[in-house]
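Trainee: This is the content of structure-v1.txt (compact mmCIF, N, CA and C atoms):
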# COMPACT_ATOMS: atom_id res chain seq x y z
N MET T 119 -105.17 51.18 -25.86
CA MET T 119 -104.57 50.25 -24.95
C MET T 119 -103.37 49.56 -25.58
N GLN T 120 -103.52 49.17 -26.86
CA GLN T 120 -102.39 48.53 -27.54
C GLN T 120 -101.17 49.45 -27.58
N ARG T 121 -101.43 50.73 -27.82
CA ARG T 121 -100.31 51.68 -27.87
C ARG T 121 -99.63 51.78 -26.51
N ASN T 122 -100.42 51.82 -25.43
CA ASN T 122 -99.83 51.89 -24.10
C ASN T 122 -99.03 50.62 -23.79
N ILE T 123 -99.53 49.49 -24.22
CA ILE T 123 -98.80 48.24 -24.03
C ILE T 123 -97.44 48.33 -24.73
N GLY T 124 -97.44 48.83 -25.96
CA GLY T 124 -96.19 48.99 -26.70
C GLY T 124 -95.25 49.99 -26.06
N LEU T 125 -95.79 51.13 -25.63
CA LEU T 125 -94.96 52.15 -25.00
C LEU T 125 -94.29 51.65 -23.71
N ASN T 126 -94.94 50.72 -23.04
CA ASN T 126 -94.40 50.17 -21.80
C ASN T 126 -93.65 48.86 -22.01
N LEU T 127 -93.42 48.50 -23.29
CA LEU T 127 -92.66 47.30 -23.65
C LEU T 127 -93.23 46.03 -23.00
N LEU T 128 -94.56 45.90 -23.07
CA LEU T 128 -95.21 44.77 -22.42
C LEU T 128 -95.82 43.78 -23.42
N GLU T 129 -95.48 43.90 -24.70
CA GLU T 129 -95.98 42.94 -25.68
C GLU T 129 -95.58 41.53 -25.25
N GLY T 130 -96.48 40.59 -25.41
CA GLY T 130 -96.20 39.22 -25.03
C GLY T 130 -96.53 38.92 -23.57
N ARG T 131 -96.64 39.96 -22.75
CA ARG T 131 -96.99 39.76 -21.33
C ARG T 131 -98.38 40.28 -21.01
N VAL T 132 -98.86 41.24 -21.82
CA VAL T 132 -100.15 41.89 -21.58
C VAL T 132 -100.94 41.88 -22.87
N GLN T 133 -102.23 41.60 -22.76
CA GLN T 133 -103.11 41.64 -23.92
C GLN T 133 -104.31 42.52 -23.61
N ALA T 134 -104.68 43.34 -24.56
CA ALA T 134 -105.87 44.17 -24.45
C ALA T 134 -106.95 43.57 -25.34
N SER T 135 -108.17 43.59 -24.86
CA SER T 135 -109.27 43.08 -25.68
C SER T 135 -110.56 43.77 -25.28
N VAL T 136 -111.53 43.73 -26.17
CA VAL T 136 -112.85 44.28 -25.93
C VAL T 136 -113.77 43.12 -25.60
N LEU T 137 -114.60 43.29 -24.59
CA LEU T 137 -115.52 42.25 -24.18
C LEU T 137 -116.93 42.82 -24.17
N ASP T 138 -117.82 42.21 -24.92
CA ASP T 138 -119.22 42.62 -24.98
C ASP T 138 -119.97 41.88 -23.88
N TRP T 139 -120.47 42.61 -22.88
CA TRP T 139 -121.13 41.99 -21.74
C TRP T 139 -122.33 41.18 -22.17
N GLY T 140 -122.46 40.03 -21.56
CA GLY T 140 -123.63 39.21 -21.76
C GLY T 140 -123.64 38.35 -23.00
N SER T 141 -122.68 38.52 -23.87
CA SER T 141 -122.62 37.68 -25.06
C SER T 141 -121.55 36.61 -24.85
N SER T 142 -121.61 35.59 -25.67
CA SER T 142 -120.57 34.58 -25.56
C SER T 142 -119.24 35.24 -25.89
N ASN T 143 -118.20 34.71 -25.33
CA ASN T 143 -116.87 35.30 -25.47
C ASN T 143 -116.29 35.01 -26.85
N PRO T 144 -116.31 35.99 -27.76
CA PRO T 144 -115.78 35.75 -29.10
C PRO T 144 -114.26 35.70 -29.15
N GLN T 145 -113.61 36.13 -28.09
CA GLN T 145 -112.15 36.17 -28.09
C GLN T 145 -111.61 35.26 -27.00
N GLN T 146 -112.01 34.01 -27.01
CA GLN T 146 -111.63 33.10 -25.94
C GLN T 146 -110.13 32.95 -25.79
N HIS T 147 -109.40 33.19 -26.87
CA HIS T 147 -107.95 33.09 -26.76
C HIS T 147 -107.36 34.30 -26.05
N LEU T 148 -108.13 35.40 -25.91
CA LEU T 148 -107.63 36.59 -25.23
C LEU T 148 -108.16 36.72 -23.81
N VAL T 149 -109.41 36.35 -23.59
CA VAL T 149 -110.01 36.47 -22.27
C VAL T 149 -110.33 35.07 -21.78
N PRO T 150 -109.75 34.65 -20.69
CA PRO T 150 -110.00 33.29 -20.21
C PRO T 150 -111.47 33.06 -19.93
N ASP T 151 -111.94 31.86 -20.19
CA ASP T 151 -113.31 31.45 -19.95
C ASP T 151 -113.31 30.59 -18.70
N SER T 152 -113.82 31.14 -17.59
CA SER T 152 -113.75 30.44 -16.32
C SER T 152 -114.55 29.15 -16.34
N SER T 153 -115.59 29.07 -17.15
CA SER T 153 -116.40 27.86 -17.18
C SER T 153 -115.63 26.68 -17.79
N ALA T 154 -114.58 26.98 -18.52
CA ALA T 154 -113.78 25.92 -19.14
C ALA T 154 -112.64 25.47 -18.21
N GLY T 155 -112.56 26.07 -17.02
CA GLY T 155 -111.53 25.68 -16.06
C GLY T 155 -110.17 26.27 -16.37
N THR T 156 -110.09 27.26 -17.24
CA THR T 156 -108.80 27.88 -17.55
C THR T 156 -108.48 28.94 -16.52
N SER T 157 -107.31 29.51 -16.60
CA SER T 157 -106.90 30.51 -15.64
C SER T 157 -107.67 31.82 -15.85
N TYR T 158 -107.67 32.62 -14.82
CA TYR T 158 -108.33 33.92 -14.84
C TYR T 158 -107.29 35.00 -15.11
N PRO T 159 -107.74 36.18 -15.56
CA PRO T 159 -106.78 37.28 -15.71
C PRO T 159 -106.26 37.73 -14.35
N ASP T 160 -105.05 38.24 -14.32
CA ASP T 160 -104.49 38.78 -13.07
C ASP T 160 -105.11 40.12 -12.73
N ILE T 161 -105.25 40.95 -13.76
CA ILE T 161 -105.75 42.32 -13.56
C ILE T 161 -106.81 42.61 -14.61
N ILE T 162 -107.87 43.27 -14.16
CA ILE T 162 -108.90 43.77 -15.07
C ILE T 162 -109.01 45.27 -14.83
N LEU T 163 -108.99 46.03 -15.90
CA LEU T 163 -109.21 47.47 -15.81
C LEU T 163 -110.60 47.76 -16.35
N ALA T 164 -111.45 48.33 -15.51
CA ALA T 164 -112.81 48.66 -15.91
C ALA T 164 -113.02 50.15 -15.66
N ALA T 165 -113.33 50.89 -16.70
CA ALA T 165 -113.48 52.33 -16.56
C ALA T 165 -114.80 52.78 -17.18
N ASP T 166 -115.56 53.54 -16.43
CA ASP T 166 -116.82 54.14 -16.87
C ASP T 166 -117.78 53.10 -17.43
N CYS T 167 -117.96 52.02 -16.70
CA CYS T 167 -118.86 50.94 -17.12
C CYS T 167 -120.26 51.06 -16.53
N VAL T 168 -120.43 51.91 -15.53
CA VAL T 168 -121.71 52.03 -14.84
C VAL T 168 -122.42 53.29 -15.35
N TYR T 169 -123.28 53.10 -16.34
CA TYR T 169 -123.99 54.25 -16.90
C TYR T 169 -125.37 53.89 -17.43
N PHE T 170 -125.65 52.60 -17.69
CA PHE T 170 -126.91 52.19 -18.30
C PHE T 170 -127.53 51.10 -17.43
N GLU T 171 -128.50 51.49 -16.61
CA GLU T 171 -129.05 50.59 -15.60
C GLU T 171 -129.52 49.24 -16.13
N PRO T 172 -130.18 49.15 -17.29
CA PRO T 172 -130.60 47.83 -17.77
C PRO T 172 -129.42 46.87 -18.04
N ALA T 173 -128.21 47.40 -18.21
CA ALA T 173 -127.05 46.55 -18.47
C ALA T 173 -126.34 46.10 -17.19
N PHE T 174 -126.77 46.58 -16.03
CA PHE T 174 -126.09 46.22 -14.79
C PHE T 174 -126.02 44.71 -14.56
N PRO T 175 -127.11 43.95 -14.77
CA PRO T 175 -127.00 42.49 -14.57
C PRO T 175 -125.98 41.83 -15.52
N LEU T 176 -125.87 42.35 -16.74
CA LEU T 176 -124.89 41.81 -17.69
C LEU T 176 -123.46 42.08 -17.21
N LEU T 177 -123.24 43.28 -16.70
CA LEU T 177 -121.91 43.63 -16.18
C LEU T 177 -121.59 42.78 -14.96
N GLN T 178 -122.54 42.59 -14.07
CA GLN T 178 -122.30 41.76 -12.89
C GLN T 178 -121.97 40.32 -13.30
N ALA T 179 -122.69 39.78 -14.26
CA ALA T 179 -122.43 38.42 -14.73
C ALA T 179 -121.05 38.31 -15.36
N THR T 180 -120.67 39.32 -16.12
CA THR T 180 -119.35 39.32 -16.75
C THR T 180 -118.24 39.36 -15.70
N LEU T 181 -118.43 40.19 -14.68
CA LEU T 181 -117.43 40.24 -13.60
C LEU T 181 -117.35 38.91 -12.86
N ARG T 182 -118.48 38.26 -12.63
CA ARG T 182 -118.47 36.93 -11.99
C ARG T 182 -117.67 35.94 -12.82
N ASP T 183 -117.81 36.02 -14.14
CA ASP T 183 -117.09 35.09 -15.03
C ASP T 183 -115.60 35.37 -15.09
N LEU T 184 -115.20 36.63 -14.93
CA LEU T 184 -113.80 37.00 -15.15
C LEU T 184 -112.95 37.08 -13.89
N ILE T 185 -113.56 37.38 -12.75
CA ILE T 185 -112.77 37.60 -11.54
C ILE T 185 -112.54 36.27 -10.84
N GLY T 186 -111.28 35.85 -10.86
CA GLY T 186 -110.89 34.60 -10.22
C GLY T 186 -110.34 34.85 -8.83
N PRO T 187 -109.85 33.81 -8.18
CA PRO T 187 -109.36 33.94 -6.81
C PRO T 187 -108.19 34.90 -6.64
N ASP T 188 -107.38 35.07 -7.68
CA ASP T 188 -106.22 35.96 -7.59
C ASP T 188 -106.34 37.19 -8.48
N THR T 189 -107.54 37.46 -8.99
CA THR T 189 -107.75 38.60 -9.89
C THR T 189 -108.03 39.86 -9.08
N THR T 190 -107.43 40.97 -9.52
CA THR T 190 -107.78 42.28 -8.99
C THR T 190 -108.39 43.08 -10.13
N CYS T 191 -109.60 43.57 -9.91
CA CYS T 191 -110.27 44.42 -10.88
C CYS T 191 -110.20 45.85 -10.35
N TYR T 192 -109.57 46.73 -11.12
CA TYR T 192 -109.56 48.16 -10.80
C TYR T 192 -110.74 48.77 -11.53
N PHE T 193 -111.67 49.29 -10.76
CA PHE T 193 -112.96 49.73 -11.29
C PHE T 193 -113.10 51.22 -11.04
N CYS T 194 -113.05 52.00 -12.10
CA CYS T 194 -113.15 53.45 -12.02
C CYS T 194 -114.52 53.87 -12.57
N PHE T 195 -115.21 54.75 -11.84
CA PHE T 195 -116.50 55.20 -12.33
C PHE T 195 -116.81 56.60 -11.81
N LYS T 196 -117.69 57.27 -12.52
CA LYS T 196 -118.16 58.58 -12.10
C LYS T 196 -119.55 58.41 -11.49
N LYS T 197 -119.68 58.83 -10.25
CA LYS T 197 -120.97 58.73 -9.57
C LYS T 197 -121.92 59.77 -10.17
N ARG T 198 -122.96 59.26 -10.83
CA ARG T 198 -123.91 60.15 -11.51
C ARG T 198 -125.30 60.12 -10.88
N ARG T 199 -125.79 58.90 -10.61
CA ARG T 199 -127.16 58.75 -10.14
C ARG T 199 -127.22 57.80 -8.96
N ARG T 200 -128.35 57.81 -8.30
CA ARG T 200 -128.56 56.89 -7.20
C ARG T 200 -128.53 55.44 -7.67
N ALA T 201 -129.02 55.20 -8.88
CA ALA T 201 -129.03 53.83 -9.43
C ALA T 201 -127.62 53.26 -9.51
N ASP T 202 -126.63 54.10 -9.73
CA ASP T 202 -125.24 53.63 -9.77
C ASP T 202 -124.87 52.96 -8.45
N MET T 203 -125.33 53.54 -7.36
CA MET T 203 -125.00 53.00 -6.05
C MET T 203 -125.73 51.68 -5.80
N HIS T 204 -126.90 51.50 -6.42
CA HIS T 204 -127.60 50.21 -6.32
C HIS T 204 -126.75 49.11 -6.97
N PHE T 205 -126.09 49.46 -8.07
CA PHE T 205 -125.20 48.51 -8.73
C PHE T 205 -124.11 48.05 -7.76
N PHE T 206 -123.49 49.00 -7.07
CA PHE T 206 -122.40 48.65 -6.16
C PHE T 206 -122.89 47.92 -4.92
N ALA T 207 -124.09 48.23 -4.47
CA ALA T 207 -124.66 47.48 -3.34
C ALA T 207 -124.83 46.01 -3.74
N ALA T 208 -125.31 45.77 -4.95
CA ALA T 208 -125.46 44.39 -5.43
C ALA T 208 -124.10 43.74 -5.63
N LEU T 209 -123.13 44.50 -6.12
CA LEU T 209 -121.79 43.97 -6.35
C LEU T 209 -121.13 43.54 -5.03
N LYS T 210 -121.37 44.32 -3.98
CA LYS T 210 -120.76 44.01 -2.67
C LYS T 210 -121.31 42.73 -2.07
N LYS T 211 -122.46 42.27 -2.53
CA LYS T 211 -122.99 41.00 -2.05
C LYS T 211 -122.18 39.82 -2.60
N GLN T 212 -121.55 40.03 -3.75
CA GLN T 212 -120.82 38.96 -4.42
C GLN T 212 -119.30 39.10 -4.31
N PHE T 213 -118.81 40.33 -4.14
CA PHE T 213 -117.38 40.60 -4.19
C PHE T 213 -116.94 41.46 -3.01
N SER T 214 -115.65 41.48 -2.79
CA SER T 214 -115.06 42.42 -1.85
C SER T 214 -114.75 43.69 -2.65
N VAL T 215 -115.39 44.79 -2.29
CA VAL T 215 -115.26 46.06 -3.01
C VAL T 215 -114.70 47.09 -2.04
N LYS T 216 -113.55 47.66 -2.41
CA LYS T 216 -112.91 48.65 -1.53
C LYS T 216 -112.45 49.85 -2.34
N GLU T 217 -112.58 51.01 -1.75
CA GLU T 217 -112.09 52.22 -2.41
C GLU T 217 -110.57 52.29 -2.28
N VAL T 218 -109.91 52.69 -3.35
CA VAL T 218 -108.46 52.89 -3.33
C VAL T 218 -108.20 54.22 -2.64
N GLU T 219 -107.55 54.15 -1.51
CA GLU T 219 -107.34 55.37 -0.70
C GLU T 219 -105.93 55.90 -0.75
N ASP T 220 -104.99 55.11 -1.29
CA ASP T 220 -103.60 55.54 -1.27
C ASP T 220 -103.13 56.12 -2.61
N ASP T 221 -104.06 56.43 -3.51
CA ASP T 221 -103.70 57.04 -4.79
C ASP T 221 -103.40 58.52 -4.57
N PRO T 222 -102.22 58.99 -4.95
CA PRO T 222 -101.87 60.39 -4.72
C PRO T 222 -102.77 61.38 -5.48
N ASP T 223 -103.46 60.92 -6.52
CA ASP T 223 -104.35 61.80 -7.28
C ASP T 223 -105.81 61.73 -6.82
N ARG T 224 -106.06 61.00 -5.76
CA ARG T 224 -107.43 60.78 -5.31
C ARG T 224 -108.19 62.08 -5.04
N ASP T 225 -107.57 63.03 -4.38
CA ASP T 225 -108.26 64.29 -4.08
C ASP T 225 -108.71 65.01 -5.36
N THR T 226 -107.88 64.95 -6.38
CA THR T 226 -108.18 65.63 -7.65
C THR T 226 -109.39 65.01 -8.32
N TYR T 227 -109.41 63.70 -8.52
CA TYR T 227 -110.54 63.10 -9.22
C TYR T 227 -111.78 62.95 -8.34
N SER T 228 -111.61 62.91 -7.03
CA SER T 228 -112.77 62.82 -6.13
C SER T 228 -113.64 64.07 -6.23
N ARG T 229 -113.03 65.20 -6.48
CA ARG T 229 -113.80 66.45 -6.63
C ARG T 229 -114.75 66.40 -7.82
N GLN T 230 -114.48 65.50 -8.76
CA GLN T 230 -115.33 65.35 -9.94
C GLN T 230 -116.26 64.14 -9.81
N ASN T 231 -116.46 63.67 -8.59
CA ASN T 231 -117.31 62.49 -8.31
C ASN T 231 -116.80 61.23 -8.99
N ILE T 232 -115.51 61.14 -9.19
CA ILE T 232 -114.90 59.94 -9.77
C ILE T 232 -114.30 59.13 -8.63
N ARG T 233 -114.57 57.82 -8.69
CA ARG T 233 -114.07 56.92 -7.65
C ARG T 233 -113.29 55.78 -8.29
N LEU T 234 -112.29 55.32 -7.57
CA LEU T 234 -111.49 54.18 -7.99
C LEU T 234 -111.61 53.10 -6.92
N LEU T 235 -112.05 51.92 -7.34
CA LEU T 235 -112.27 50.81 -6.42
C LEU T 235 -111.44 49.60 -6.83
N THR T 236 -111.21 48.72 -5.89
CA THR T 236 -110.73 47.38 -6.23
C THR T 236 -111.89 46.43 -5.99
N VAL T 237 -112.04 45.50 -6.91
CA VAL T 237 -113.08 44.47 -6.79
C VAL T 237 -112.36 43.12 -6.85
N ARG T 238 -112.59 42.33 -5.82
CA ARG T 238 -111.95 41.00 -5.73
C ARG T 238 -113.00 39.98 -5.33
N ARG T 239 -112.73 38.74 -5.67
CA ARG T 239 -113.61 37.64 -5.26
C ARG T 239 -113.57 37.54 -3.74
N LYS T 240 -114.73 37.34 -3.14
CA LYS T 240 -114.78 37.16 -1.70
C LYS T 240 -114.12 35.84 -1.31
N ILE T 241 -113.43 35.85 -0.21
CA ILE T 241 -112.75 34.64 0.26
C ILE T 241 -113.72 33.84 1.09
For this file, write the structure as structure tokens.

Mentor:
Amino acid sequence: MQRNIGLNLLEGRVQASVLDWGSSNPQQHLVPDSSAGTSYPDIILAADCVYFEPAFPLLQATLRDLIGPDTTCYFCFKKRRRADMHFFAALKKQFSVKEVEDDPDRDTYSRQNIRLLTVRRKI
């Protein structure tokens, strides 16, 4: 991610960081802490996060903490099991979840059971 930020000349405007779900935020200077009343990230990129069912509540809690009123989370995942869909059913109770339909590559990755969604705070 750091390399992509550099290649796109976005240093100083974009920060990449690793976040361990369910633990206290060790990088508070990189990822805003909503409980402290600070601003939320504008964009969150989440890829292949739905794979271990016992971690689903931790991921949901992390998304609740990070997604603010103006945040867009782009959530990419590969549909593997029925349990994955239970995660999204629970997520839809808390967030507005929509499939990205205008991506020109959608047909290509859809054939591999890969989906791209936007997740936003419900209004």

Trainee: Identify which of the residues T:Ile232, T:Asp160, T:Val215, T:Phe170 lies closest to Asp202 of chain T, counting all atoms listed in the file when measuring atom-to-atom distances.

Mentor: T:Phe170

Trainee: DSSP says strand (DSSP E) for which residues of chain T? Put them as an MDAnalysis selection string?

Mentor: chainID T and resid 161:165 190:196 213:217 232:239

Trainee: Kindly give the distance, in Å, that separates atom CA of Phe174 of chain T and atom CA of Ile161 of chain T, rounded to a single decimal.

Mentor: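 A separation of 20.7 Å between them.
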
Trainee: With distances taken over only C-alpha atoms, which of T:Tyr169, T:Phe213, T:Tyr227, T:Tyr158 is nearest to Asp183 of chain T?

Mentor: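 Using only C-alpha atoms, Asp183 of chain T sits closest to T:Tyr158.
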
Trainee: Using all atoms listed in the file for the distances, tell me which of T:Lys210, T:Arg121, T:Arg229, T:Arg238 is nearest to Thr190 of chain T.

Mentor: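 When distances to Thr190 of chain T are compared using all atoms listed in the file, the smallest one comes from T:Arg238.
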
Trainee: Which one is closest to Leu184 of chain T: T:Arg199, T:Arg239, T:Arg131, T:His204? Count only C-alpha atoms.

Mentor: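 Nearest candidate to Leu184 of chain T out of T:Arg199, T:Arg239, T:Arg131, T:His204: T:Arg239.
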
Trainee: Take atom N of Lys196 of chain T and atom CA of Leu234 of chain T and report the distance between them in Å, one decimal.

Mentor: 8.3 Å

Trainee: Using only C-alpha atoms, pick whichever of T:Gln178, T:Ser157, T:Thr189, T:Asn231 has the shortest atom-to-atom distance to Lys211 of chain T.

Mentor: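 Looking at the shortest contact to Lys211 of chain T, the residue is T:Gln178.
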
Trainee: Give the padded box for segment 177-189 of chain T as lines of an AutoDock Vina configuration file: axis-aligned, covering all atoms listed in the file, 8 Å on each side, centre and edge lengths in Å to one decimal.

Mentor:
center_x = -114.7
center_y = 38.7
center_z = -11.7
size_x = 33.0
size_y = 25.8
size_z = 26.1

Trainee: Kindly indicate which residue among T:Ala164, T:Gly186, T:Asn122, T:Leu137 lies nearest to Lys240 of chain T, using only N, CA and C atoms for the distances.

Mentor: T:Gly186

Trainee: So what do you get for atom CA of Ala173 of chain T versus atom CA of Thr226 of chain T, distance-wise?

Mentor: 28.9 Å

Trainee: Please list as a VMD selection string every residue within 8 Å of Ile241 of chain T, counting all atoms listed in the file and excluding residues in the same chain fewer than 6 positions away.

Mentor: chain T and resid 187 212 to 214

Trainee: Write out as a PDB file with N, CA and C atoms, in the coordinates of the input all residues of chain T that backbone DSSP assigns to alpha helix (DSSP H).

Mentor:
ATOM      1  N   GLN T 120    -103.520  49.170 -26.860  1.00  0.00           N
ATOM      2  CA  GLN T 120    -102.390  48.530 -27.540  1.00  0.00           C
ATOM      3  C   GLN T 120    -101.170  49.450 -27.580  1.00  0.00           C
ATOM      4  N   ARG T 121    -101.430  50.730 -27.820  1.00  0.00           N
ATOM      5  CA  ARG T 121    -100.310  51.680 -27.870  1.00  0.00           C
ATOM      6  C   ARG T 121     -99.630  51.780 -26.510  1.00  0.00           C
ATOM      7  N   ASN T 122    -100.420  51.820 -25.430  1.00  0.00           N
ATOM      8  CA  ASN T 122     -99.830  51.890 -24.100  1.00  0.00           C
ATOM      9  C   ASN T 122     -99.030  50.620 -23.790  1.00  0.00           C
ATOM     10  N   ILE T 123     -99.530  49.490 -24.220  1.00  0.00           N
ATOM     11  CA  ILE T 123     -98.800  48.240 -24.030  1.00  0.00           C
ATOM     12  C   ILE T 123     -97.440  48.330 -24.730  1.00  0.00           C
ATOM     13  N   GLY T 124     -97.440  48.830 -25.960  1.00  0.00           N
ATOM     14  CA  GLY T 124     -96.190  48.990 -26.700  1.00  0.00           C
ATOM     15  C   GLY T 124     -95.250  49.990 -26.060  1.00  0.00           C
ATOM     16  N   LEU T 125     -95.790  51.130 -25.630  1.00  0.00           N
ATOM     17  CA  LEU T 125     -94.960  52.150 -25.000  1.00  0.00           C
ATOM     18  C   LEU T 125     -94.290  51.650 -23.710  1.00  0.00           C
ATOM     19  N   PHE T 174    -126.770  46.580 -16.030  1.00  0.00           N
ATOM     20  CA  PHE T 174    -126.090  46.220 -14.790  1.00  0.00           C
ATOM     21  C   PHE T 174    -126.020  44.710 -14.560  1.00  0.00           C
ATOM     22  N   PRO T 175    -127.110  43.950 -14.770  1.00  0.00           N
ATOM     23  CA  PRO T 175    -127.000  42.490 -14.570  1.00  0.00           C
ATOM     24  C   PRO T 175    -125.980  41.830 -15.520  1.00  0.00           C
ATOM     25  N   LEU T 176    -125.870  42.350 -16.740  1.00  0.00           N
ATOM     26  CA  LEU T 176    -124.890  41.810 -17.690  1.00  0.00           C
ATOM     27  C   LEU T 176    -123.460  42.080 -17.210  1.00  0.00           C
ATOM     28  N   LEU T 177    -123.240  43.280 -16.700  1.00  0.00           N
ATOM     29  CA  LEU T 177    -121.910  43.630 -16.180  1.00  0.00           C
ATOM     30  C   LEU T 177    -121.590  42.780 -14.960  1.00  0.00           C
ATOM     31  N   GLN T 178    -122.540  42.590 -14.070  1.00  0.00           N
ATOM     32  CA  GLN T 178    -122.300  41.760 -12.890  1.00  0.00           C
ATOM     33  C   GLN T 178    -121.970  40.320 -13.300  1.00  0.00           C
ATOM     34  N   ALA T 179    -122.690  39.780 -14.260  1.00  0.00           N
ATOM     35  CA  ALA T 179    -122.430  38.420 -14.730  1.00  0.00           C
ATOM     36  C   ALA T 179    -121.050  38.310 -15.360  1.00  0.00           C
ATOM     37  N   THR T 180    -120.670  39.320 -16.120  1.00  0.00           N
ATOM     38  CA  THR T 180    -119.350  39.320 -16.750  1.00  0.00           C
ATOM     39  C   THR T 180    -118.240  39.360 -15.700  1.00  0.00           C
ATOM     40  N   LEU T 181    -118.430  40.190 -14.680  1.00  0.00           N
ATOM     41  CA  LEU T 181    -117.430  40.240 -13.600  1.00  0.00           C
ATOM     42  C   LEU T 181    -117.350  38.910 -12.860  1.00  0.00           C
ATOM     43  N   ARG T 182    -118.480  38.260 -12.630  1.00  0.00           N
ATOM     44  CA  ARG T 182    -118.470  36.930 -11.990  1.00  0.00           C
ATOM     45  C   ARG T 182    -117.670  35.940 -12.820  1.00  0.00           C
ATOM     46  N   ASP T 183    -117.810  36.020 -14.140  1.00  0.00           N
ATOM     47  CA  ASP T 183    -117.090  35.090 -15.030  1.00  0.00           C
ATOM     48  C   ASP T 183    -115.600  35.370 -15.090  1.00  0.00           C
ATOM     49  N   LEU T 184    -115.200  36.630 -14.930  1.00  0.00           N
ATOM     50  CA  LEU T 184    -113.800  37.000 -15.150  1.00  0.00           C
ATOM     51  C   LEU T 184    -112.950  37.080 -13.890  1.00  0.00           C
ATOM     52  N   ARG T 200    -128.350  57.810  -8.300  1.00  0.00           N
ATOM     53  CA  ARG T 200    -128.560  56.890  -7.200  1.00  0.00           C
ATOM     54  C   ARG T 200    -128.530  55.440  -7.670  1.00  0.00           C
ATOM     55  N   ALA T 201    -129.020  55.200  -8.880  1.00  0.00           N
ATOM     56  CA  ALA T 201    -129.030  53.830  -9.430  1.00  0.00           C
ATOM     57  C   ALA T 201    -127.620  53.260  -9.510  1.00  0.00           C
ATOM     58  N   ASP T 202    -126.630  54.100  -9.730  1.00  0.00           N
ATOM     59  CA  ASP T 202    -125.240  53.630  -9.770  1.00  0.00           C
ATOM     60  C   ASP T 202    -124.870  52.960  -8.450  1.00  0.00           C
ATOM     61  N   MET T 203    -125.330  53.540  -7.360  1.00  0.00           N
ATOM     62  CA  MET T 203    -125.000  53.000  -6.050  1.00  0.00           C
ATOM     63  C   MET T 203    -125.730  51.680  -5.800  1.00  0.00           C
ATOM     64  N   HIS T 204    -126.900  51.500  -6.420  1.00  0.00           N
ATOM     65  CA  HIS T 204    -127.600  50.210  -6.320  1.00  0.00           C
ATOM     66  C   HIS T 204    -126.750  49.110  -6.970  1.00  0.00           C
ATOM     67  N   PHE T 205    -126.090  49.460  -8.070  1.00  0.00           N
ATOM     68  CA  PHE T 205    -125.200  48.510  -8.730  1.00  0.00           C
ATOM     69  C   PHE T 205    -124.110  48.050  -7.760  1.00  0.00           C
ATOM     70  N   PHE T 206    -123.490  49.000  -7.070  1.00  0.00           N
ATOM     71  CA  PHE T 206    -122.400  48.650  -6.160  1.00  0.00           C
ATOM     72  C   PHE T 206    -122.890  47.920  -4.920  1.00  0.00           C
ATOM     73  N   ALA T 207    -124.090  48.230  -4.470  1.00  0.00           N
ATOM     74  CA  ALA T 207    -124.660  47.480  -3.340  1.00  0.00           C
ATOM     75  C   ALA T 207    -124.830  46.010  -3.740  1.00  0.00           C
ATOM     76  N   ALA T 208    -125.310  45.770  -4.950  1.00  0.00           N
ATOM     77  CA  ALA T 208    -125.460  44.390  -5.430  1.00  0.00           C
ATOM     78  C   ALA T 208    -124.100  43.740  -5.630  1.00  0.00           C
ATOM     79  N   LEU T 209    -123.130  44.500  -6.120  1.00  0.00           N
ATOM     80  CA  LEU T 209    -121.790  43.970  -6.350  1.00  0.00           C
ATOM     81  C   LEU T 209    -121.130  43.540  -5.030  1.00  0.00           C
ATOM     82  N   LYS T 210    -121.370  44.320  -3.980  1.00  0.00           N
ATOM     83  CA  LYS T 210    -120.760  44.010  -2.670  1.00  0.00           C
ATOM     84  C   LYS T 210    -121.310  42.730  -2.070  1.00  0.00           C
ATOM     85  N   LYS T 211    -122.460  42.270  -2.530  1.00  0.00           N
ATOM     86  CA  LYS T 211    -122.990  41.000  -2.050  1.00  0.00           C
ATOM     87  C   LYS T 211    -122.180  39.820  -2.600  1.00  0.00           C
ATOM     88  N   GLN T 212    -121.550  40.030  -3.750  1.00  0.00           N
ATOM     89  CA  GLN T 212    -120.820  38.960  -4.420  1.00  0.00           C
ATOM     90  C   GLN T 212    -119.300  39.100  -4.310  1.00  0.00           C
ATOM     91  N   ARG T 224    -106.060  61.000  -5.760  1.00  0.00           N
ATOM     92  CA  ARG T 224    -107.430  60.780  -5.310  1.00  0.00           C
ATOM     93  C   ARG T 224    -108.190  62.080  -5.040  1.00  0.00           C
ATOM     94  N   ASP T 225    -107.570  63.030  -4.380  1.00  0.00           N
ATOM     95  CA  ASP T 225    -108.260  64.290  -4.080  1.00  0.00           C
ATOM     96  C   ASP T 225    -108.710  65.010  -5.360  1.00  0.00           C
ATOM     97  N   THR T 226    -107.880  64.950  -6.380  1.00  0.00           N
ATOM     98  CA  THR T 226    -108.180  65.630  -7.650  1.00  0.00           C
ATOM     99  C   THR T 226    -109.390  65.010  -8.320  1.00  0.00           C
ATOM    100  N   TYR T 227    -109.410  63.700  -8.520  1.00  0.00           N
ATOM    101  CA  TYR T 227    -110.540  63.100  -9.220  1.00  0.00           C
ATOM    102  C   TYR T 227    -111.780  62.950  -8.340  1.00  0.00           C
ATOM    103  N   SER T 228    -111.610  62.910  -7.030  1.00  0.00           N
ATOM    104  CA  SER T 228    -112.770  62.820  -6.130  1.00  0.00           C
ATOM    105  C   SER T 228    -113.640  64.070  -6.230  1.00  0.00           C
TER     106      SER T 228
END

Trainee: If we count only C-alpha atoms and set the cut-off at 12 Å, which residues sit around Phe193 of chain T, ignoring sequence neighbours fewer than 4 positions away in its own chain? Please answer as a PyMOL selection string.

Mentor: chain T and resi 161-168+177+181+206+209+215-218+232-238
